[in-house]
$ cat structure-v4.tsv   # TSV, C-alpha atoms
chain	number	residue	atom	x	y	z
X	7	MET	CA	-19.73	-29.87	26.51
X	8	GLN	CA	-19.59	-27.28	29.27
X	9	ARG	CA	-15.92	-26.69	28.55
X	10	ARG	CA	-16.73	-26.14	24.90
X	11	TYR	CA	-19.32	-23.50	25.71
X	12	LEU	CA	-16.92	-21.90	28.15
X	13	LEU	CA	-14.25	-21.61	25.46
X	14	MET	CA	-16.80	-20.18	23.04
X	15	GLY	CA	-17.82	-17.64	25.63
X	16	ILE	CA	-14.22	-16.63	26.22
X	17	CYS	CA	-13.61	-16.22	22.48
X	18	PHE	CA	-16.74	-14.11	22.15
X	19	ALA	CA	-15.68	-11.94	25.05
X	20	VAL	CA	-12.24	-11.39	23.51
X	21	TRP	CA	-13.79	-10.54	20.16
X	22	TRP	CA	-16.17	-8.08	21.76
X	23	SER	CA	-13.35	-6.45	23.68
X	24	VAL	CA	-11.50	-5.61	20.44
X	25	SER	CA	-14.52	-4.73	18.31
X	26	ALA	CA	-16.92	-1.83	18.25
X	27	SER	CA	-16.41	0.53	21.19
X	28	GLY	CA	-14.05	-1.84	22.97
X	29	PHE	CA	-11.61	-1.72	20.06
X	30	ALA	CA	-10.96	1.98	20.75
X	31	GLN	CA	-9.04	0.98	23.85
X	32	ILE	CA	-6.12	-0.44	21.84
X	33	ARG	CA	-5.12	2.75	20.08
X	34	ALA	CA	-1.43	3.35	19.61
X	35	ARG	CA	0.53	6.59	19.60
X	36	ILE	CA	3.23	6.85	16.98
X	37	LYS	CA	6.63	7.54	18.50
X	38	PRO	CA	9.41	9.75	17.12
X	39	GLU	CA	11.77	6.76	17.11
X	40	THR	CA	9.21	4.80	15.06
X	41	LEU	CA	9.20	7.49	12.38
X	42	GLN	CA	12.99	7.72	12.49
X	43	GLY	CA	13.28	3.98	11.97
X	44	PHE	CA	10.87	4.08	9.04
X	45	ASP	CA	12.64	7.06	7.43
X	46	HIS	CA	15.97	5.25	7.74
X	47	TYR	CA	14.54	2.14	6.12
X	48	VAL	CA	13.06	4.16	3.26
X	49	GLU	CA	16.35	6.01	2.76
X	50	GLN	CA	18.18	2.71	2.29
X	51	ALA	CA	15.47	1.36	-0.04
X	52	GLU	CA	15.54	4.50	-2.18
X	53	ALA	CA	19.32	4.29	-2.47
X	54	ALA	CA	18.94	0.79	-3.92
X	55	MET	CA	16.20	1.97	-6.29
X	56	GLU	CA	18.42	4.83	-7.45
X	57	GLN	CA	20.83	2.18	-8.70
X	58	GLN	CA	17.98	0.68	-10.72
X	59	ARG	CA	17.19	4.05	-12.22
X	60	GLY	CA	20.87	4.84	-12.85
X	61	GLY	CA	21.64	1.58	-14.65
X	62	LYS	CA	23.86	0.04	-11.98
X	63	LYS	CA	21.15	-2.57	-11.40
X	64	ALA	CA	18.45	-3.99	-13.65
X	65	PHE	CA	15.69	-1.43	-14.12
X	66	LEU	CA	13.10	-4.07	-13.20
X	67	MET	CA	13.59	-6.68	-10.49
X	68	LEU	CA	11.90	-9.12	-12.86
X	69	TYR	CA	15.06	-9.22	-14.96
X	70	ASP	CA	16.91	-10.89	-12.09
X	71	HIS	CA	14.26	-13.58	-11.68
X	72	ARG	CA	13.74	-15.56	-14.87
X	73	GLN	CA	10.90	-17.70	-13.56
X	74	ASP	CA	8.96	-14.66	-12.34
X	75	MET	CA	9.47	-13.01	-15.73
X	76	GLU	CA	8.00	-16.06	-17.45
X	77	HIS	CA	5.01	-16.04	-15.12
X	78	ALA	CA	4.46	-12.32	-15.76
X	79	GLN	CA	4.57	-12.86	-19.51
X	80	ASN	CA	1.88	-15.51	-19.04
X	81	GLY	CA	-0.41	-12.96	-17.40
X	82	GLU	CA	0.31	-13.55	-13.72
X	83	ILE	CA	0.80	-10.80	-11.16
X	84	ILE	CA	3.89	-11.57	-9.09
X	85	VAL	CA	3.89	-10.20	-5.53
X	86	THR	CA	6.94	-10.75	-3.33
X	87	ARG	CA	7.80	-9.68	0.20
X	88	LEU	CA	11.13	-7.89	0.28
X	89	SER	CA	11.16	-7.35	4.02
X	90	SER	CA	8.91	-7.07	7.05
X	91	VAL	CA	10.74	-5.35	9.86
X	92	GLY	CA	9.37	-6.22	13.26
X	93	ASP	CA	12.38	-7.48	15.14
X	94	GLY	CA	12.74	-4.43	17.37
X	95	SER	CA	14.79	-2.39	14.90
X	96	ILE	CA	11.70	-0.24	14.35
X	97	ALA	CA	10.55	0.72	17.83
X	98	GLY	CA	6.79	0.57	18.18
X	99	GLY	CA	6.06	-0.22	14.55
X	100	LEU	CA	6.30	-2.63	11.63
X	101	VAL	CA	7.70	-1.84	8.18
X	102	HIS	CA	6.12	-3.76	5.30
X	103	ASP	CA	8.00	-3.87	2.00
X	104	TRP	CA	6.44	-5.62	-1.00
X	105	VAL	CA	7.04	-5.51	-4.74
X	106	GLY	CA	4.52	-6.48	-7.41
X	107	SER	CA	5.20	-7.03	-11.10
X	108	MET	CA	3.09	-7.66	-14.17
X	109	LEU	CA	2.89	-7.23	-17.94
X	110	ILE	CA	0.15	-5.21	-19.62
X	111	PRO	CA	0.19	-6.79	-23.09
X	112	GLY	CA	0.05	-4.53	-26.14
X	113	ALA	CA	-0.04	-1.36	-24.05
X	114	SER	CA	2.03	1.81	-24.37
X	115	VAL	CA	3.72	3.52	-21.46
X	116	GLU	CA	1.63	6.63	-22.20
X	117	ALA	CA	-1.56	4.62	-21.69
X	118	VAL	CA	-0.34	3.38	-18.31
X	119	LEU	CA	0.66	6.88	-17.24
X	120	HIS	CA	-2.76	8.18	-18.27
X	121	VAL	CA	-4.42	5.77	-15.84
X	122	LEU	CA	-1.95	6.35	-13.00
X	123	GLN	CA	-2.20	10.13	-13.27
X	124	ASP	CA	-5.98	10.34	-13.65
X	125	PHE	CA	-6.50	10.79	-9.91
X	126	ASN	CA	-10.05	12.12	-10.17
X	127	ARG	CA	-11.09	8.81	-11.76
X	128	HIS	CA	-9.28	6.48	-9.36
X	129	LYS	CA	-12.40	6.14	-7.20
X	130	SER	CA	-14.04	4.35	-10.13
X	131	ILE	CA	-10.98	2.20	-10.92
X	132	TYR	CA	-9.75	0.90	-7.56
X	133	PRO	CA	-12.17	-0.82	-5.14
X	134	GLU	CA	-10.22	0.36	-2.09
X	135	VAL	CA	-10.56	4.01	-3.12
X	136	LEU	CA	-13.92	5.35	-1.96
X	137	ASP	CA	-13.16	8.87	-3.11
X	138	SER	CA	-10.30	10.54	-4.96
X	139	ARG	CA	-9.42	13.94	-6.33
X	140	LEU	CA	-6.46	15.83	-7.69
X	141	ILE	CA	-5.44	18.60	-5.30
X	142	LYS	CA	-2.69	20.24	-7.36
X	143	HIS	CA	-0.58	19.56	-10.43
X	144	GLU	CA	2.73	21.21	-11.29
X	145	GLY	CA	4.78	19.75	-14.14
X	146	ASP	CA	5.42	16.10	-13.37
X	147	SER	CA	4.39	16.46	-9.70
X	148	TYR	CA	0.90	15.66	-8.44
X	149	TRP	CA	-0.78	16.13	-5.07
X	150	PHE	CA	-3.91	14.06	-4.53
X	151	TYR	CA	-6.47	12.90	-1.98
X	152	TYR	CA	-7.74	9.36	-1.37
X	153	ARG	CA	-10.41	8.11	0.96
X	154	LEU	CA	-9.38	4.50	1.47
X	155	LYS	CA	-11.33	1.53	2.75
X	156	LYS	CA	-9.34	-1.40	4.10
X	157	GLU	CA	-11.22	-4.61	4.95
X	158	LYS	CA	-9.74	-7.62	6.73
X	159	ILE	CA	-11.82	-8.91	9.65
X	160	LEU	CA	-12.42	-5.25	10.55
X	161	THR	CA	-13.21	-2.35	8.23
X	162	VAL	CA	-10.93	0.68	8.40
X	163	VAL	CA	-11.55	3.98	6.56
X	164	LEU	CA	-8.72	6.49	6.09
X	165	ASN	CA	-8.53	10.02	4.72
X	166	THR	CA	-5.15	10.32	3.04
X	167	GLU	CA	-3.12	12.83	1.04
X	168	HIS	CA	-0.13	12.05	-1.16
X	169	GLU	CA	2.53	13.63	-3.33
X	170	ALA	CA	3.69	11.85	-6.49
X	171	ARG	CA	6.57	12.75	-8.79
X	172	TYR	CA	7.11	11.24	-12.23
X	173	VAL	CA	10.51	11.05	-13.90
X	174	ARG	CA	11.33	9.90	-17.43
X	175	GLY	CA	14.04	7.25	-17.32
X	176	GLY	CA	14.88	7.10	-21.00
X	177	ALA	CA	13.08	5.79	-24.08
X	178	GLY	CA	9.96	3.93	-22.96
X	179	ARG	CA	10.86	4.15	-19.26
X	180	TRP	CA	9.25	6.08	-16.43
X	181	TYR	CA	9.71	6.10	-12.69
X	182	CYS	CA	7.30	7.44	-10.07
X	183	SER	CA	7.72	7.98	-6.35
X	184	SER	CA	4.62	8.62	-4.24
X	185	ARG	CA	4.65	9.51	-0.55
X	186	SER	CA	1.83	9.93	1.90
X	187	THR	CA	1.77	13.38	3.49
X	188	ARG	CA	-1.27	12.85	5.71
X	189	ILE	CA	-3.12	9.73	6.93
X	190	ALA	CA	-6.08	10.09	9.29
X	191	GLU	CA	-8.21	7.19	10.49
X	192	VAL	CA	-11.94	7.87	10.32
X	193	SER	CA	-14.15	6.89	13.24
X	194	ASP	CA	-17.84	6.05	12.59
X	195	PRO	CA	-17.49	6.56	8.81
X	196	GLY	CA	-20.67	7.35	6.91
X	197	THR	CA	-22.63	8.31	10.02
X	198	ALA	CA	-23.64	11.59	11.62
X	199	HIS	CA	-20.88	10.97	14.18
X	200	GLU	CA	-18.09	10.60	11.63
X	201	HIS	CA	-14.82	12.23	12.67
X	202	GLU	CA	-11.10	11.81	12.23
X	203	LEU	CA	-9.04	10.36	15.05
X	204	PRO	CA	-6.03	12.44	16.12
X	205	LEU	CA	-3.12	12.08	13.71
X	206	GLY	CA	-0.63	9.59	15.07
X	207	TYR	CA	-2.98	8.35	17.78
X	208	ASP	CA	-5.26	5.76	16.26
X	209	HIS	CA	-5.38	2.00	15.74
X	210	GLY	CA	-2.21	2.14	13.67
X	211	PHE	CA	-3.38	0.15	10.65
X	212	LEU	CA	-1.56	2.55	8.32
X	213	TRP	CA	0.74	5.35	9.44
X	214	ARG	CA	2.83	5.83	6.29
X	215	LEU	CA	2.61	4.64	2.69
X	216	ASP	CA	5.28	5.12	0.03
X	217	ALA	CA	4.94	3.65	-3.46
X	218	TYR	CA	7.46	3.44	-6.29
X	219	TRP	CA	6.46	2.62	-9.87
X	220	PHE	CA	8.82	1.40	-12.60
X	221	LEU	CA	7.36	1.32	-16.13
X	222	GLU	CA	9.13	-0.07	-19.17
X	223	GLU	CA	7.62	-0.34	-22.64
X	224	THR	CA	8.70	-3.35	-24.72
X	225	PRO	CA	7.46	-5.01	-27.92
X	226	LYS	CA	5.33	-7.28	-25.70
X	227	GLY	CA	3.68	-4.37	-23.90
X	228	VAL	CA	4.49	-2.49	-20.70
X	229	PHE	CA	6.11	-4.18	-17.74
X	230	VAL	CA	4.89	-2.56	-14.54
X	231	GLU	CA	6.61	-2.93	-11.22
X	232	CYS	CA	5.34	-1.32	-8.03
X	233	ARG	CA	7.15	-1.36	-4.72
X	234	ALA	CA	5.06	-0.41	-1.69
X	235	ILE	CA	6.66	0.40	1.67
X	236	SER	CA	4.26	1.02	4.53
X	237	LEU	CA	4.37	1.57	8.27
X	238	THR	CA	1.88	0.16	10.76
X	239	ARG	CA	1.75	-0.26	14.51
X	240	ASP	CA	3.31	-3.25	16.15
X	241	VAL	CA	1.07	-6.06	17.39
X	242	PRO	CA	-0.40	-5.74	20.92
X	243	ARG	CA	0.30	-8.78	23.05
X	244	GLY	CA	-2.55	-11.27	22.90
X	245	LEU	CA	-4.28	-9.64	19.94
X	246	GLY	CA	-2.17	-11.02	17.12
X	247	TRP	CA	-5.03	-13.26	15.95
X	248	ILE	CA	-7.09	-10.23	14.94
X	249	ILE	CA	-4.41	-7.61	14.21
X	250	ASN	CA	-1.92	-9.73	12.25
X	251	PRO	CA	-4.24	-10.48	9.29
X	252	ILE	CA	-4.94	-6.76	8.99
X	253	ILE	CA	-1.45	-5.31	9.15
X	254	SER	CA	0.40	-8.28	7.61
X	255	ASP	CA	-1.90	-9.46	4.80
X	256	LEU	CA	-3.38	-6.14	3.73
X	257	PRO	CA	-0.16	-4.70	2.21
X	258	ARG	CA	0.16	-7.74	-0.08
X	259	ASP	CA	-3.53	-7.87	-0.95
X	260	SER	CA	-3.71	-4.12	-1.61
X	261	LEU	CA	-0.68	-4.18	-3.89
X	262	LYS	CA	-1.97	-7.08	-5.94
X	263	SER	CA	-5.39	-5.44	-6.26
X	264	THR	CA	-3.83	-2.14	-7.32
X	265	LEU	CA	-1.85	-3.80	-10.08
X	266	GLU	CA	-4.78	-5.89	-11.25
X	267	PHE	CA	-7.16	-2.96	-11.56
X	268	THR	CA	-4.50	-0.77	-13.16
X	269	ARG	CA	-4.11	-3.38	-15.89
X	270	ASN	CA	-7.87	-3.71	-16.29
X	271	ALA	CA	-8.22	0.06	-16.68
X	272	VAL	CA	-5.47	0.27	-19.29
X	273	LEU	CA	-6.81	-2.63	-21.32
X	274	SER	CA	-10.43	-1.48	-21.18
X	275	ALA	CA	-9.47	1.94	-22.58
X	276	ARG	CA	-8.05	0.48	-25.80
$ encode --input "structure-v4.tsv" --output "structure tokens"
Amino acid sequence: MQRRYLLMGICFAVWWSVSASGFAQIRARIKPETLQGFDHYVEQAEAAMEQQRGGKKAFLMLYDHRQDMEHAQNGEIIVTRLSSVGDGSIAGGLVHDWVGSMLIPGASVEAVLHVLQDFNRHKSIYPEVLDSRLIKHEGDSYWFYYRLKKEKILTVVLNTEHEARYVRGGAGRWYCSSRSTRIAEVSDPGTAHEHELPLGYDHGFLWRLDAYWFLEETPKGVFVECRAISLTRDVPRGLGWIINPIISDLPRDSLKSTLEFTRNAVLSAR
């Protein structure tokens, strides 16, 4: 019995050391080599996606996976990990690469674009988006702001800015690339002491976020595929039990939620 209480006390002490004020002690500083590794990974990924856009590969990854296509046609959202780089090739960080696919039945590609490009309304569409606004719009390029809330054991609030570019890929096809241009973690959000932590010196839950959308209109509706590539800190030794669910599960959960609420918004507008 005494041993049990001792173990409980140790667990509580560890939890306290990584929560509240104690959690501030495990901040990480992003390194130049971490950014270089991420940029190299993204460059390779974009080269592969250019083949999709150019017709050298299937426009949608779903076309290469018959079973996933059947599930999507039955209303499921398919989310697959393409890679998670944490083997030392990205110094000081982890790259998370996921793709999600779905069908929005009976929809037009214009209806999907209307939802995706309505940045001022995203705060009322996506649960993770606390606030959103369009900063600037020029042609098919958009600059926008999100205040994001990520919850997984701990709650993390981020002020983020992004640039998105939309490209028509032929009849009924569109492609979008979106890149984060600024991500700042917010300390004490919603209080009189709220402030942003220094850029690149925070808890490292999200340092970069790139998203790529492939839209194709068919007689069944619009197939939507979104590939999200993000960069987080690596896992401090001994704290994997609390950090891993945040930086490993959140990319998958966020992508699935984004697709789900995009579909809901398109269908509810009909």
$ atom_distance --input "structure-v4.tsv" --atom1 "atom CA of X:Ala177" --atom2 "atom CA of X:Tyr218"
18.8 Å
$ atom_distance --input "structure-v4.tsv" --atom1 "atom CA of X:Ile235" --atom2 "atom CA of X:Ile84"
16.3 Å
$ residues_near_point --input "structure-v4.tsv" --point "(5.2, 6.9, 8.6)" --cutoff "8 Å" --atoms "all atoms listed in the file" --output "MDAnalysis selection string"
chainID X and resid 40:41 44:45 213:215 236:238
$ atom_distance --input "structure-v4.tsv" --atom1 "atom CA of X:Glu231" --atom2 "atom CA of X:Leu66"
6.9 Å
$ closest_residue --input "structure-v4.tsv" --among "X:Pro195, X:Gly175, X:Pro133, X:Gly206" --to "X:Thr161" --atoms "only C-alpha atoms"
X:Pro195
$ closest_residue --input "structure-v4.tsv" --among "X:Thr187, X:Ser260, X:Ile141, X:Glu202" --to "X:Val163" --atoms "all atoms listed in the file"
X:Glu202
$ residues_near_point --input "structure-v4.tsv" --point "(10.9, -1.7, -10.5)" --cutoff "8 Å" --atoms "only C-alpha atoms" --output "list of chain:residue names"
X:Met55, X:Gln58, X:Phe65, X:Leu66, X:Met67, X:Leu68, X:Val105, X:Ser107, X:Tyr218, X:Trp219, X:Phe220, X:Leu221, X:Val230, X:Glu231, X:Cys232, X:Arg233
$ residues_around --input "structure-v4.tsv" --residues "X:Ile83" --least-positions-apart "3" --cutoff "8 Å" --atoms "all atoms listed in the file" --output "PDB file with C-alpha atoms, in the coordinates of the input"
ATOM      1  CA  HIS X  77       5.010 -16.040 -15.120  1.00  0.00           C
ATOM      2  CA  ALA X  78       4.460 -12.320 -15.760  1.00  0.00           C
ATOM      3  CA  GLY X 106       4.520  -6.480  -7.410  1.00  0.00           C
ATOM      4  CA  SER X 107       5.200  -7.030 -11.100  1.00  0.00           C
ATOM      5  CA  MET X 108       3.090  -7.660 -14.170  1.00  0.00           C
ATOM      6  CA  LEU X 109       2.890  -7.230 -17.940  1.00  0.00           C
ATOM      7  CA  LYS X 262      -1.970  -7.080  -5.940  1.00  0.00           C
ATOM      8  CA  LEU X 265      -1.850  -3.800 -10.080  1.00  0.00           C
ATOM      9  CA  GLU X 266      -4.780  -5.890 -11.250  1.00  0.00           C
TER      10      GLU X 266
END
$ closest_residue --input "structure-v4.tsv" --among "X:Tyr47, X:Tyr172, X:Phe125, X:Tyr207" --to "X:Tyr152" --atoms "only C-alpha atoms"
X:Phe125
$ residues_around --input "structure-v4.tsv" --residues "stretch 97-103 of chain X" --least-positions-apart "2" --cutoff "10 Å" --atoms "only C-alpha atoms" --output "PyMOL selection string"
chain X and resi 34-44+47-48+51+86-95+105+210+212-217+233-242+253-258
